[in-house]
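Containing mmCIF, C-alpha atoms and all ligand atoms; chains and numbers go by the auth columns: protein24.cif.
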```
data_entry
loop_
_atom_site.group_PDB
_atom_site.id
_atom_site.type_symbol
_atom_site.label_atom_id
_atom_site.label_comp_id
_atom_site.label_asym_id
_atom_site.label_seq_id
_atom_site.Cartn_x
_atom_site.Cartn_y
_atom_site.Cartn_z
_atom_site.B_iso_or_equiv
_atom_site.auth_seq_id
_atom_site.auth_asym_id
ATOM 1 C CA MET A 1 0.000 0.000 0.000 0.00 1 A
ATOM 2 C CA PRO A 2 1.545 3.354 -0.998 0.00 2 A
ATOM 3 C CA LEU A 3 2.158 5.951 1.681 0.00 3 A
ATOM 4 C CA THR A 4 -0.199 8.919 2.017 0.00 4 A
ATOM 5 C CA ASP A 5 1.280 12.409 1.538 0.00 5 A
ATOM 6 C CA LYS A 6 1.154 12.968 5.290 0.00 6 A
ATOM 7 C CA GLN A 7 2.989 9.684 6.018 0.00 7 A
ATOM 8 C CA ARG A 8 5.612 10.502 3.403 0.00 8 A
ATOM 9 C CA TRP A 9 6.035 13.987 4.881 0.00 9 A
ATOM 10 C CA LEU A 10 6.519 12.550 8.380 0.00 10 A
ATOM 11 C CA TYR A 11 9.122 10.098 7.130 0.00 11 A
ATOM 12 C CA GLN A 12 11.019 12.803 5.236 0.00 12 A
ATOM 13 C CA GLN A 13 10.957 15.183 8.216 0.00 13 A
ATOM 14 C CA ALA A 14 12.478 12.481 10.384 0.00 14 A
ATOM 15 C CA ASN A 15 15.218 11.863 7.850 0.00 15 A
ATOM 16 C CA GLY A 16 17.852 14.135 9.361 0.00 16 A
ATOM 17 C CA ILE A 17 17.239 12.906 12.897 0.00 17 A
ATOM 18 C CA LEU A 18 19.832 10.463 14.162 0.00 18 A
ATOM 19 C CA LEU A 19 18.197 7.305 15.525 0.00 19 A
ATOM 20 C CA ASP A 20 21.509 5.707 16.458 0.00 20 A
ATOM 21 C CA GLU A 21 25.163 6.723 16.421 0.00 21 A
ATOM 22 C CA SER A 22 26.170 3.742 14.320 0.00 22 A
ATOM 23 C CA PRO A 23 25.182 4.275 10.657 0.00 23 A
ATOM 24 C CA GLN A 24 24.213 0.617 10.272 0.00 24 A
ATOM 25 C CA GLU A 25 22.030 0.642 13.386 0.00 25 A
ATOM 26 C CA ASP A 26 20.576 3.979 12.329 0.00 26 A
ATOM 27 C CA ALA A 27 19.534 2.420 9.004 0.00 27 A
ATOM 28 C CA HIS A 28 17.888 -0.522 10.796 0.00 28 A
ATOM 29 C CA GLU A 29 16.064 1.829 13.129 0.00 29 A
ATOM 30 C CA ARG A 30 14.889 3.911 10.165 0.00 30 A
ATOM 31 C CA VAL A 31 13.142 0.853 8.733 0.00 31 A
ATOM 32 C CA GLY A 32 11.478 0.448 12.134 0.00 32 A
ATOM 33 C CA LEU A 33 10.352 4.061 12.039 0.00 33 A
ATOM 34 C CA LEU A 34 8.995 3.702 8.524 0.00 34 A
ATOM 35 C CA THR A 35 7.005 0.553 9.348 0.00 35 A
ATOM 36 C CA VAL A 36 5.197 2.427 12.138 0.00 36 A
ATOM 37 C CA ILE A 37 4.558 5.547 10.043 0.00 37 A
ATOM 38 C CA ALA A 38 3.151 3.308 7.302 0.00 38 A
ATOM 39 C CA GLY A 39 0.994 1.385 9.781 0.00 39 A
ATOM 40 C CA THR A 40 2.654 -1.919 8.822 0.00 40 A
ATOM 41 C CA ARG A 41 3.708 -2.378 12.444 0.00 41 A
ATOM 42 C CA SER A 42 2.158 -0.833 15.532 0.00 42 A
ATOM 43 C CA VAL A 43 5.104 0.027 17.762 0.00 43 A
ATOM 44 C CA ALA A 44 8.803 0.863 17.337 0.00 44 A
ATOM 45 C CA LEU A 45 11.472 1.032 20.022 0.00 45 A
ATOM 46 C CA PHE A 46 14.686 3.084 19.879 0.00 46 A
ATOM 47 C CA LEU A 47 17.418 2.610 22.445 0.00 47 A
ATOM 48 C CA GLY A 48 20.037 4.947 21.013 0.00 48 A
ATOM 49 C CA VAL A 49 18.285 8.297 20.470 0.00 49 A
ATOM 50 C CA GLU A 50 19.975 11.311 22.113 0.00 50 A
ATOM 51 C CA GLU A 51 17.957 13.948 23.965 0.00 51 A
ATOM 52 C CA ALA A 52 18.189 16.614 21.213 0.00 52 A
ATOM 53 C CA ASP A 53 17.031 14.121 18.573 0.00 53 A
ATOM 54 C CA ARG A 54 14.204 12.943 20.793 0.00 54 A
ATOM 55 C CA LEU A 55 12.944 16.527 21.019 0.00 55 A
ATOM 56 C CA ARG A 56 13.181 16.895 17.255 0.00 56 A
ATOM 57 C CA LEU A 57 11.187 13.687 16.771 0.00 57 A
ATOM 58 C CA GLU A 58 8.545 14.996 19.163 0.00 58 A
ATOM 59 C CA ARG A 59 8.236 18.149 17.046 0.00 59 A
ATOM 60 C CA VAL A 60 7.924 16.140 13.816 0.00 60 A
ATOM 61 C CA PHE A 61 5.143 13.977 15.259 0.00 61 A
ATOM 62 C CA ALA A 62 3.419 16.812 17.132 0.00 62 A
ATOM 63 C CA HIS A 63 0.344 16.740 14.866 0.00 63 A
ATOM 64 C CA SER A 64 0.353 13.047 14.087 0.00 64 A
ATOM 65 C CA GLU A 65 -1.532 10.199 15.715 0.00 65 A
ATOM 66 C CA VAL A 66 1.768 8.379 16.029 0.00 66 A
ATOM 67 C CA LYS A 67 3.567 9.698 19.111 0.00 67 A
ATOM 68 C CA PRO A 68 7.056 9.326 20.542 0.00 68 A
ATOM 69 C CA VAL A 69 6.863 8.196 24.179 0.00 69 A
ATOM 70 C CA THR A 70 9.775 8.211 26.613 0.00 70 A
ATOM 71 C CA ALA A 71 9.395 5.220 28.922 0.00 71 A
ATOM 72 C CA PRO A 72 11.585 2.529 30.479 0.00 72 A
ATOM 73 C CA GLY A 73 13.334 0.204 28.051 0.00 73 A
ATOM 74 C CA PRO A 74 12.132 -3.405 28.300 0.00 74 A
ATOM 75 C CA PRO A 75 13.878 -5.365 31.079 0.00 75 A
ATOM 76 C CA THR A 76 14.870 -8.993 30.618 0.00 76 A
ATOM 77 C CA ALA A 77 12.073 -11.421 31.506 0.00 77 A
ATOM 78 C CA TYR A 78 13.717 -14.049 33.686 0.00 78 A
ATOM 79 C CA THR A 79 11.532 -16.932 32.631 0.00 79 A
ATOM 80 C CA TRP A 80 14.148 -19.600 33.215 0.00 80 A
ATOM 81 C CA GLU A 81 15.300 -21.401 36.359 0.00 81 A
ATOM 82 C CA SER A 82 18.919 -20.789 37.219 0.00 82 A
ATOM 83 C CA ARG A 83 20.859 -23.865 38.263 0.00 83 A
ATOM 84 C CA TYR A 84 22.822 -21.705 40.715 0.00 84 A
ATOM 85 C CA ARG A 85 21.905 -20.498 44.199 0.00 85 A
ATOM 86 C CA PRO A 86 19.616 -17.424 44.210 0.00 86 A
ATOM 87 C CA GLU A 87 22.213 -15.276 46.035 0.00 87 A
ATOM 88 C CA ILE A 88 24.647 -15.931 43.195 0.00 88 A
ATOM 89 C CA THR A 89 22.162 -15.664 40.314 0.00 89 A
ATOM 90 C CA ARG A 90 20.852 -12.383 41.702 0.00 90 A
ATOM 91 C CA LEU A 91 24.271 -10.763 41.149 0.00 91 A
ATOM 92 C CA PHE A 92 24.001 -11.350 37.417 0.00 92 A
ATOM 93 C CA ARG A 93 20.491 -10.081 36.820 0.00 93 A
ATOM 94 C CA GLU A 94 19.744 -6.518 35.733 0.00 94 A
ATOM 95 C CA ARG A 95 17.586 -4.204 37.734 0.00 95 A
ATOM 96 C CA ASP A 96 17.113 -0.728 36.287 0.00 96 A
ATOM 97 C CA GLU A 97 16.557 -0.141 32.632 0.00 97 A
ATOM 98 C CA ALA A 98 17.662 3.055 30.906 0.00 98 A
ATOM 99 C CA PRO A 99 14.821 5.104 29.413 0.00 99 A
ATOM 100 C CA ALA A 100 14.003 4.354 25.815 0.00 100 A
ATOM 101 C CA LEU A 101 12.045 6.046 23.091 0.00 101 A
ATOM 102 C CA TRP A 102 8.945 4.263 21.859 0.00 102 A
ATOM 103 C CA LEU A 103 6.872 5.242 18.883 0.00 103 A
ATOM 104 C CA CYS A 104 3.219 4.417 19.544 0.00 104 A
ATOM 105 C CA PRO A 105 0.140 4.673 17.341 0.00 105 A
ATOM 106 C CA GLY A 106 -2.217 5.834 20.092 0.00 106 A
ATOM 107 C CA PRO A 107 -2.848 6.267 23.831 0.00 107 A
ATOM 108 C CA GLU A 108 -3.539 2.570 24.430 0.00 108 A
ATOM 109 C CA HIS A 109 -0.060 1.452 23.375 0.00 109 A
ATOM 110 C CA ALA A 110 1.508 4.513 25.029 0.00 110 A
ATOM 111 C CA ASP A 111 -0.103 3.589 28.376 0.00 111 A
ATOM 112 C CA ALA A 112 1.121 0.008 28.025 0.00 112 A
ATOM 113 C CA VAL A 113 4.753 0.997 27.444 0.00 113 A
ATOM 114 C CA ARG A 114 4.638 3.655 30.199 0.00 114 A
ATOM 115 C CA ALA A 115 3.440 0.994 32.638 0.00 115 A
ATOM 116 C CA GLY A 116 6.508 -1.041 31.671 0.00 116 A
ATOM 117 C CA VAL A 117 6.731 -4.087 29.439 0.00 117 A
ATOM 118 C CA ASP A 118 9.370 -6.786 29.676 0.00 118 A
ATOM 119 C CA GLN A 119 11.288 -8.067 26.663 0.00 119 A
ATOM 120 C CA ILE A 120 8.771 -10.796 25.859 0.00 120 A
ATOM 121 C CA ALA A 121 5.800 -8.390 25.898 0.00 121 A
ATOM 122 C CA ALA A 122 7.873 -5.797 24.020 0.00 122 A
ATOM 123 C CA GLY A 123 8.781 -8.375 21.365 0.00 123 A
ATOM 124 C CA ALA A 124 5.096 -9.096 20.813 0.00 124 A
ATOM 125 C CA LEU A 125 4.266 -5.348 20.593 0.00 125 A
ATOM 126 C CA LEU A 126 7.108 -4.886 18.116 0.00 126 A
ATOM 127 C CA GLY A 127 5.754 -7.653 15.897 0.00 127 A
ATOM 128 C CA TYR A 128 8.675 -10.040 16.429 0.00 128 A
ATOM 129 C CA PRO A 129 7.915 -13.702 15.641 0.00 129 A
ATOM 130 C CA GLN A 130 7.240 -15.867 18.721 0.00 130 A
ATOM 131 C CA CYS A 131 9.853 -18.414 17.630 0.00 131 A
ATOM 132 C CA CYS A 132 12.554 -15.722 17.612 0.00 132 A
ATOM 133 C CA ILE A 133 11.437 -14.286 20.990 0.00 133 A
ATOM 134 C CA ALA A 134 11.656 -17.789 22.484 0.00 134 A
ATOM 135 C CA ALA A 135 15.111 -18.305 20.955 0.00 135 A
ATOM 136 C CA GLN A 136 16.340 -15.066 22.577 0.00 136 A
ATOM 137 C CA GLN A 137 15.105 -16.290 25.956 0.00 137 A
ATOM 138 C CA ARG A 138 16.931 -19.612 25.512 0.00 138 A
ATOM 139 C CA GLU A 139 20.117 -17.820 24.519 0.00 139 A
ATOM 140 C CA LYS A 140 19.916 -15.451 27.481 0.00 140 A
ATOM 141 C CA ALA A 141 19.460 -18.408 29.840 0.00 141 A
ATOM 142 C CA ARG A 142 22.429 -20.203 28.274 0.00 142 A
ATOM 143 C CA PHE A 143 24.593 -17.075 28.427 0.00 143 A
ATOM 144 C CA GLU A 144 23.697 -16.319 32.049 0.00 144 A
ATOM 145 C CA SER A 145 24.625 -19.856 32.997 0.00 145 A
ATOM 146 C CA ALA A 146 27.945 -19.666 31.082 0.00 146 A
ATOM 147 C CA VAL A 147 28.900 -16.363 32.750 0.00 147 A
ATOM 148 C CA ILE A 148 28.100 -17.625 36.258 0.00 148 A
ATOM 149 C CA ALA A 149 30.030 -20.840 35.572 0.00 149 A
ATOM 150 C CA GLY A 150 33.014 -18.726 34.481 0.00 150 A
ATOM 151 C CA TYR A 151 33.020 -16.725 37.729 0.00 151 A
ATOM 152 C CA ILE A 152 32.623 -19.836 39.869 0.00 152 A
ATOM 153 C CA ARG A 153 35.549 -21.444 38.066 0.00 153 A
ATOM 154 C CA ASP A 154 37.673 -18.387 38.862 0.00 154 A
ATOM 155 C CA VAL A 155 36.690 -17.419 42.411 0.00 155 A
ATOM 156 C CA GLY A 156 34.613 -20.283 43.769 0.00 156 A
ATOM 157 C CA GLU A 157 30.999 -20.465 44.919 0.00 157 A
ATOM 158 C CA ASP A 158 31.128 -17.807 47.619 0.00 158 A
ATOM 159 C CA ALA A 159 28.557 -15.136 46.658 0.00 159 A
ATOM 160 C CA GLU A 160 30.542 -12.338 48.326 0.00 160 A
ATOM 161 C CA LYS A 161 33.718 -13.224 46.469 0.00 161 A
ATOM 162 C CA ILE A 162 31.773 -13.317 43.197 0.00 162 A
ATOM 163 C CA ALA A 163 30.244 -9.901 43.959 0.00 163 A
ATOM 164 C CA GLY A 164 33.757 -8.554 44.621 0.00 164 A
ATOM 165 C CA ALA A 165 35.046 -9.948 41.336 0.00 165 A
ATOM 166 C CA LEU A 166 32.098 -8.363 39.504 0.00 166 A
ATOM 167 C CA LEU A 167 32.852 -4.995 41.099 0.00 167 A
ATOM 168 C CA GLU A 168 36.488 -5.238 40.067 0.00 168 A
ATOM 169 C CA ASN A 169 35.432 -6.113 36.521 0.00 169 A
ATOM 170 C CA CYS A 170 37.638 -9.198 36.550 0.00 170 A
ATOM 171 C CA ASN A 171 38.441 -10.698 33.202 0.00 171 A
ATOM 172 C CA VAL A 172 36.729 -14.045 33.470 0.00 172 A
ATOM 173 C CA GLU A 173 36.958 -16.635 30.752 0.00 173 A
ATOM 174 C CA ILE A 174 33.532 -17.718 29.561 0.00 174 A
ATOM 175 C CA ASP A 175 32.819 -20.978 27.824 0.00 175 A
ATOM 176 C CA TRP A 176 30.571 -19.665 25.098 0.00 176 A
ATOM 177 C CA GLU A 177 29.910 -20.703 21.549 0.00 177 A
ATOM 178 C CA ASP A 178 28.365 -17.903 19.528 0.00 178 A
ATOM 179 C CA GLU A 179 25.815 -18.925 16.928 0.00 179 A
ATOM 180 C CA TYR A 180 26.380 -15.615 15.088 0.00 180 A
ATOM 181 C CA ARG A 181 22.654 -15.063 14.762 0.00 181 A
ATOM 182 C CA VAL A 182 23.090 -11.273 14.710 0.00 182 A
ATOM 183 C CA PRO A 183 25.321 -11.124 11.594 0.00 183 A
ATOM 184 C CA ARG A 184 23.413 -14.033 10.023 0.00 184 A
ATOM 185 C CA THR A 185 20.169 -12.074 10.454 0.00 185 A
ATOM 186 C CA THR A 186 21.753 -8.931 8.972 0.00 186 A
ATOM 187 C CA ALA A 187 23.020 -10.914 6.003 0.00 187 A
ATOM 188 C CA ARG A 188 19.822 -12.810 5.311 0.00 188 A
ATOM 189 C CA PHE A 189 17.063 -10.518 6.592 0.00 189 A
ATOM 190 C CA PRO A 190 18.484 -6.969 6.576 0.00 190 A
ATOM 191 C CA PHE A 191 15.092 -5.258 6.904 0.00 191 A
ATOM 192 C CA VAL A 192 13.916 -6.730 10.215 0.00 192 A
ATOM 193 C CA GLN A 193 14.720 -5.300 13.650 0.00 193 A
ATOM 194 C CA HIS A 194 14.887 -8.505 15.693 0.00 194 A
ATOM 195 C CA ILE A 195 17.433 -11.326 15.867 0.00 195 A
ATOM 196 C CA ALA A 196 16.138 -14.297 13.899 0.00 196 A
ATOM 197 C CA CYS A 197 16.015 -17.774 15.469 0.00 197 A
ATOM 198 C CA GLY A 198 17.865 -20.740 13.961 0.00 198 A
ATOM 199 C CA ALA A 199 14.709 -22.092 12.306 0.00 199 A
ATOM 200 C CA CYS A 200 13.933 -18.722 10.686 0.00 200 A
ATOM 201 C CA LEU A 201 17.534 -18.406 9.510 0.00 201 A
ATOM 202 C CA SER A 202 17.383 -21.710 7.681 0.00 202 A
ATOM 203 C CA SER A 203 14.127 -21.164 5.823 0.00 203 A
ATOM 204 C CA GLY A 204 13.002 -18.868 3.058 0.00 204 A
ATOM 205 C CA SER A 205 9.361 -19.047 4.160 0.00 205 A
ATOM 206 C CA SER A 206 9.814 -18.512 7.914 0.00 206 A
ATOM 207 C CA PRO A 207 7.964 -15.800 9.887 0.00 207 A
ATOM 208 C CA THR A 208 11.125 -13.665 9.747 0.00 208 A
ATOM 209 C CA ALA A 209 11.444 -14.179 5.986 0.00 209 A
ATOM 210 C CA ILE A 210 7.850 -13.024 5.516 0.00 210 A
ATOM 211 C CA LEU A 211 8.379 -9.916 7.682 0.00 211 A
ATOM 212 C CA ASN A 212 11.621 -9.165 5.884 0.00 212 A
ATOM 213 C CA SER A 213 10.019 -9.218 2.459 0.00 213 A
ATOM 214 C CA GLN A 214 7.113 -7.082 3.682 0.00 214 A
ATOM 215 C CA TYR A 215 9.481 -4.456 5.119 0.00 215 A
ATOM 216 C CA ARG A 216 11.832 -4.698 2.127 0.00 216 A
ATOM 217 C CA GLN A 217 8.957 -3.893 -0.215 0.00 217 A
ATOM 218 C CA LEU A 218 7.991 -0.877 1.860 0.00 218 A
ATOM 219 C CA VAL A 219 11.551 0.481 1.985 0.00 219 A
ATOM 220 C CA GLU A 220 12.026 -0.110 -1.732 0.00 220 A
ATOM 221 C CA ASP A 221 8.859 1.891 -2.450 0.00 221 A
ATOM 222 C CA VAL A 222 9.699 4.809 -0.168 0.00 222 A
ATOM 223 C CA ASP A 223 13.460 5.200 0.248 0.00 223 A
ATOM 224 C CA HIS A 224 15.835 3.944 -2.434 0.00 224 A
ATOM 225 C CA HIS A 225 18.949 5.157 -0.631 0.00 225 A
ATOM 226 C CA LEU A 226 18.042 3.243 2.493 0.00 226 A
ATOM 227 C CA TYR A 227 17.149 0.184 0.423 0.00 227 A
ATOM 228 C CA ASP A 228 20.497 0.188 -1.420 0.00 228 A
ATOM 229 C CA TYR A 229 22.428 0.783 1.765 0.00 229 A
ATOM 230 C CA LEU A 230 20.823 -2.137 3.616 0.00 230 A
ATOM 231 C CA VAL A 231 21.271 -4.490 0.674 0.00 231 A
ATOM 232 C CA ARG A 232 24.955 -3.487 0.492 0.00 232 A
ATOM 233 C CA ILE A 233 25.435 -4.022 4.233 0.00 233 A
ATOM 234 C CA ALA A 234 23.768 -7.446 3.980 0.00 234 A
ATOM 235 C CA LYS A 235 26.119 -8.432 1.159 0.00 235 A
ATOM 236 C CA ARG A 236 29.179 -7.249 3.069 0.00 236 A
ATOM 237 C CA VAL A 237 28.180 -9.098 6.241 0.00 237 A
ATOM 238 C CA GLU A 238 27.471 -12.224 4.219 0.00 238 A
ATOM 239 C CA ASP A 239 30.947 -12.017 2.665 0.00 239 A
ATOM 240 C CA ASP A 240 32.490 -11.562 6.144 0.00 240 A
ATOM 241 C CA LEU A 241 30.640 -14.636 7.422 0.00 241 A
ATOM 242 C CA ARG A 242 32.088 -16.715 4.595 0.00 242 A
ATOM 243 C CA LEU A 243 35.683 -15.790 5.469 0.00 243 A
HETATM 244 ZN ZN ZN B . 12.008 -17.345 14.285 0.00 1 B
#
```
Reformat the file's structure so that it appears as structure tokens.
Ligand SMILES: [Zn+2]
Amino acid sequence: MPLTDKQRWLYQQANGILLDESPQEDAHERVGLLTVIAGTRSVALFLGVEEADRLRLERVFAHSEVKPVTAPGPPTAYTWESRYRPEITRLFRERDEAPALWLCPGPEHADAVRAGVDQIAAGALLGYPQCCIAAQQREKARFESAVIAGYIRDVGEDAEKIAGALLENCNVEIDWEDEYRVPRTTARFPFVQHIACGACLSSGSSPTAILNSQYRQLVEDVDHHLYDYLVRIAKRVEDDLRL
């Protein structure tokens, strides 16, 4: 569906506003912004927008139904059981989340994000496939366990000693095998904002593949520069992965 004049105007006005310091991340975020302006997706989340740019975004969307909302970023949902004692596990779990900028289509979504949504609820609001949300949870559980195991190997099972080592930022060796899902997602599905799960990465008809082609079509219709840039980045990352 082509964009209305108003939607196109909003997107163009937001063009000079930095959504992230890294050009590649900024490009990804811009797709996220476009999907919400176009109504393809209901909510977008930006974690790297500076104060001055946030104010500029607020001015751009002042007379639009879509509104930028400053609210807590989504905290990790600790849905898994740790195999370690609670006093140890507690040391490795986040508490406060930095504020984030959400783009919401109306007061209902704005109220929801202001009340605070965890990463699972946020993933659903952001239109991420359930399979990929679940894969992130599994990876977080695996990573938490690997980090704790690393500290215990170094300083033992005493919670106070572990807390001390954390404070000192000790260089602990972690037994961790990266599945490279982030670069693999960039290479294969450069238009989506989430990290694709293994199943999505190995199929051309997965939920992520479908989202990617939907978003790709939108970007191709509206912003050729952005389209070319993301395709080039995908190609470069794919070449790097082959090395
Ligand atoms: Zn998936």
- [ ] Could you give me, as a list in words, the residues within 9 Å of region 125-127 of chain A, counting all atoms listed in the file and dropping anything in the same chain fewer than 3 positions from it?
- [x] Arg41, Ser42, Val43, Ala44, Leu45, His109, Ile120, Ala121, Ala122, Gln130, Gln193, His194 and Leu211 of chain A
Filtering to C-alpha atoms, could you give me those residues as a compact mmCIF listing (two decimals), in the frame of the given file?
```txt
# COMPACT_ATOMS: atom_id res chain seq x y z
CA ARG A 41 3.71 -2.38 12.44
CA SER A 42 2.16 -0.83 15.53
CA VAL A 43 5.10 0.03 17.76
CA ALA A 44 8.80 0.86 17.34
CA LEU A 45 11.47 1.03 20.02
CA HIS A 109 -0.06 1.45 23.38
CA ILE A 120 8.77 -10.80 25.86
CA ALA A 121 5.80 -8.39 25.90
CA ALA A 122 7.87 -5.80 24.02
CA GLN A 130 7.24 -15.87 18.72
CA GLN A 193 14.72 -5.30 13.65
CA HIS A 194 14.89 -8.51 15.69
CA LEU A 211 8.38 -9.92 7.68
```
Listing only residues of region 19-137 of chain A within 10 Å of region 218-239 of chain A, what is the closest atom pair and its distance in Å (to one decimal) for each, using only C-alpha atoms, sorted by chain and residue number ascending, as CSV?
```
residue,atom,partner,partner_atom,distance
A:Pro23,CA,A:Tyr229,CA,9.9
A:Gln24,CA,A:Ile233,CA,7.7
A:Ala27,CA,A:Leu226,CA,6.7
A:His28,CA,A:Leu230,CA,7.9
A:Arg30,CA,A:Leu226,CA,8.3
A:Val31,CA,A:Val219,CA,6.9
A:Leu34,CA,A:Val219,CA,7.7
A:Thr35,CA,A:Leu218,CA,7.7
A:Ala38,CA,A:Leu218,CA,8.4
A:Thr40,CA,A:Leu218,CA,8.8
```
Task: For CA of Leu47 (chain A) and CA of Gly73 (chain A), the interatomic separation in Å (one decimal) - done: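 Computed distance, CA of Leu47 (chain A) to CA of Gly73 (chain A), equals 7.3 Å.
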Per-residue nearest contacts region 81-151 of chain A to region 169-190 of chain A, cut-off 9 Å, using only C-alpha atoms, as a tab-separated table:
```
residue	atom	partner	partner_atom	distance
A:Arg142	CA	A:Trp176	CA	8.8
A:Phe143	CA	A:Trp176	CA	7.3
A:Ala146	CA	A:Asp175	CA	6.0
A:Val147	CA	A:Ile174	CA	5.8
A:Ile148	CA	A:Ile174	CA	8.6
A:Ala149	CA	A:Ile174	CA	7.6
A:Gly150	CA	A:Ile174	CA	5.0
A:Tyr151	CA	A:Val172	CA	6.3
```
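Note on the selection: in this file the PyMOL selection byres (((chain A and resi 49) around 9) and not hetatm) comes out as Ile17, Leu18, Leu19, Asp20, Glu21, Phe46, Leu47, Gly48, Glu50, Glu51, Ala52, Asp53, Arg54, Ala100 and Leu101 of chain A.
Selection check: the PyMOL selection byres (((not hetatm)) within 6 of (chain B and resi 1)) on the shown file gives A:Pro129, A:Cys131, A:Cys132, A:Ala196, A:Cys197, A:Ala199, A:Cys200, A:Thr208.
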Expected file: the selected residues, C-alpha atoms, as a PDB file, in the coordinates of the input:
```
ATOM      1  CA  PRO A 129       7.915 -13.702  15.641  1.00  0.00           C
ATOM      2  CA  CYS A 131       9.853 -18.414  17.630  1.00  0.00           C
ATOM      3  CA  CYS A 132      12.554 -15.722  17.612  1.00  0.00           C
ATOM      4  CA  ALA A 196      16.138 -14.297  13.899  1.00  0.00           C
ATOM      5  CA  CYS A 197      16.015 -17.774  15.469  1.00  0.00           C
ATOM      6  CA  ALA A 199      14.709 -22.092  12.306  1.00  0.00           C
ATOM      7  CA  CYS A 200      13.933 -18.722  10.686  1.00  0.00           C
ATOM      8  CA  THR A 208      11.125 -13.665   9.747  1.00  0.00           C
TER       9      THR A 208
END
```
Sorted by chain and rising residue number, which residues of region 154-189 of chain A lie within 9 Å of region 78-88 of chain A, and what are their closest atom pairs and distances in Å to one decimal, counting only C-alpha atoms, as CSV?
```
residue,atom,partner,partner_atom,distance
A:Glu157,CA,A:Ile88,CA,8.0
A:Asp158,CA,A:Ile88,CA,8.1
A:Ala159,CA,A:Ile88,CA,5.3
A:Glu160,CA,A:Ile88,CA,8.6
A:Ile162,CA,A:Ile88,CA,7.6
A:Ala163,CA,A:Ile88,CA,8.3
```
Restricting it to C-alpha atoms, dump the selection as a PDB file, keeping the file's coordinate frame.
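Everything below was put into result32.pdb:
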```pdb
ATOM      1  CA  GLU A 157      30.999 -20.465  44.919  1.00  0.00           C
ATOM      2  CA  ASP A 158      31.128 -17.807  47.619  1.00  0.00           C
ATOM      3  CA  ALA A 159      28.557 -15.136  46.658  1.00  0.00           C
ATOM      4  CA  GLU A 160      30.542 -12.338  48.326  1.00  0.00           C
ATOM      5  CA  ILE A 162      31.773 -13.317  43.197  1.00  0.00           C
ATOM      6  CA  ALA A 163      30.244  -9.901  43.959  1.00  0.00           C
TER       7      ALA A 163
END
```
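Note that CA of Phe191 (chain A) and CA of Gln217 (chain A) are 9.5 Å apart.
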Open item on the list: Which residues are near Asn15 (chain A)? Cut-off 10 Å, only C-alpha atoms, ignore same chain within fewer than 5 positions. Put them as a VMD selection string.
Closed with: chain A and resid 9 to 10 30 57
TODO: Please measure the separation of CA of Ile37 (chain A) and CA of Gln7 (chain A), giving the value in Å to one decimal.
DONE: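 The value is 6.0 Å.
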TODO: Select, from A:His63, A:Lys140, A:Lys6, A:Arg56, the residue with the minimum atom-to-atom distance to Thr76 (chain A), counting all atoms listed in the file.
DONE: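 Smallest separation from Thr76 (chain A) among the options: A:Lys140.
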Task: For Pro99 (chain A), the nearest of the candidates A:Gln214, A:Thr70, A:Gln12, A:Gln119, counting all atoms listed in the file - done: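 When distances to Pro99 (chain A) are compared using all atoms listed in the file, the smallest one comes from A:Thr70.
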Let me have the centre and edge lengths of the axis-aligned box enclosing all listed atoms of region 192-211 of chain A with 6 Å padding on every side, in Å to one decimal, as lines of an AutoDock Vina configuration file.
```
center_x = 12.9
center_y = -13.7
center_z = 9.5
size_x = 22.0
size_y = 28.8
size_z = 24.8
```
Open item on the list: Let me make sure I understand: among A:Arg153, A:Glu25, A:Arg93, A:Ile195, which one has the smallest atom-to-atom distance to Gln136 (chain A) if we use all atoms listed in the file?
Closed with: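 Checking each of A:Arg153, A:Glu25, A:Arg93, A:Ile195 against Gln136 (chain A), counting all atoms listed in the file, the winner is A:Ile195.
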Repair of region 122-130 of chain A at the level of N, CA and C atoms, as a tab-separated table (two decimals), keeping the file's coordinate frame:
```tsv
chain	number	residue	atom	x	y	z
A	122	ALA	N	7.41	-6.79	24.99
A	122	ALA	CA	7.87	-5.80	24.02
A	122	ALA	C	8.04	-6.45	22.65
A	123	GLY	N	8.59	-7.66	22.63
A	123	GLY	CA	8.78	-8.38	21.36
A	123	GLY	C	7.46	-8.57	20.65
A	124	ALA	N	6.41	-8.90	21.42
A	124	ALA	CA	5.10	-9.10	20.81
A	124	ALA	C	4.56	-7.76	20.27
A	125	LEU	N	4.72	-6.67	21.05
A	125	LEU	CA	4.27	-5.35	20.59
A	125	LEU	C	5.00	-4.92	19.32
A	126	LEU	N	6.27	-5.31	19.25
A	126	LEU	CA	7.11	-4.89	18.12
A	126	LEU	C	6.93	-5.79	16.90
A	127	GLY	N	6.06	-6.78	17.04
A	127	GLY	CA	5.75	-7.65	15.90
A	127	GLY	C	6.81	-8.71	15.63
A	128	TYR	N	7.65	-9.00	16.63
A	128	TYR	CA	8.68	-10.04	16.43
A	128	TYR	C	8.02	-11.42	16.46
A	129	PRO	N	8.49	-12.35	15.62
A	129	PRO	CA	7.92	-13.70	15.64
A	129	PRO	C	8.15	-14.39	16.99
A	130	GLN	N	7.15	-15.16	17.43
A	130	GLN	CA	7.24	-15.87	18.72
A	130	GLN	C	8.44	-16.80	18.77
```
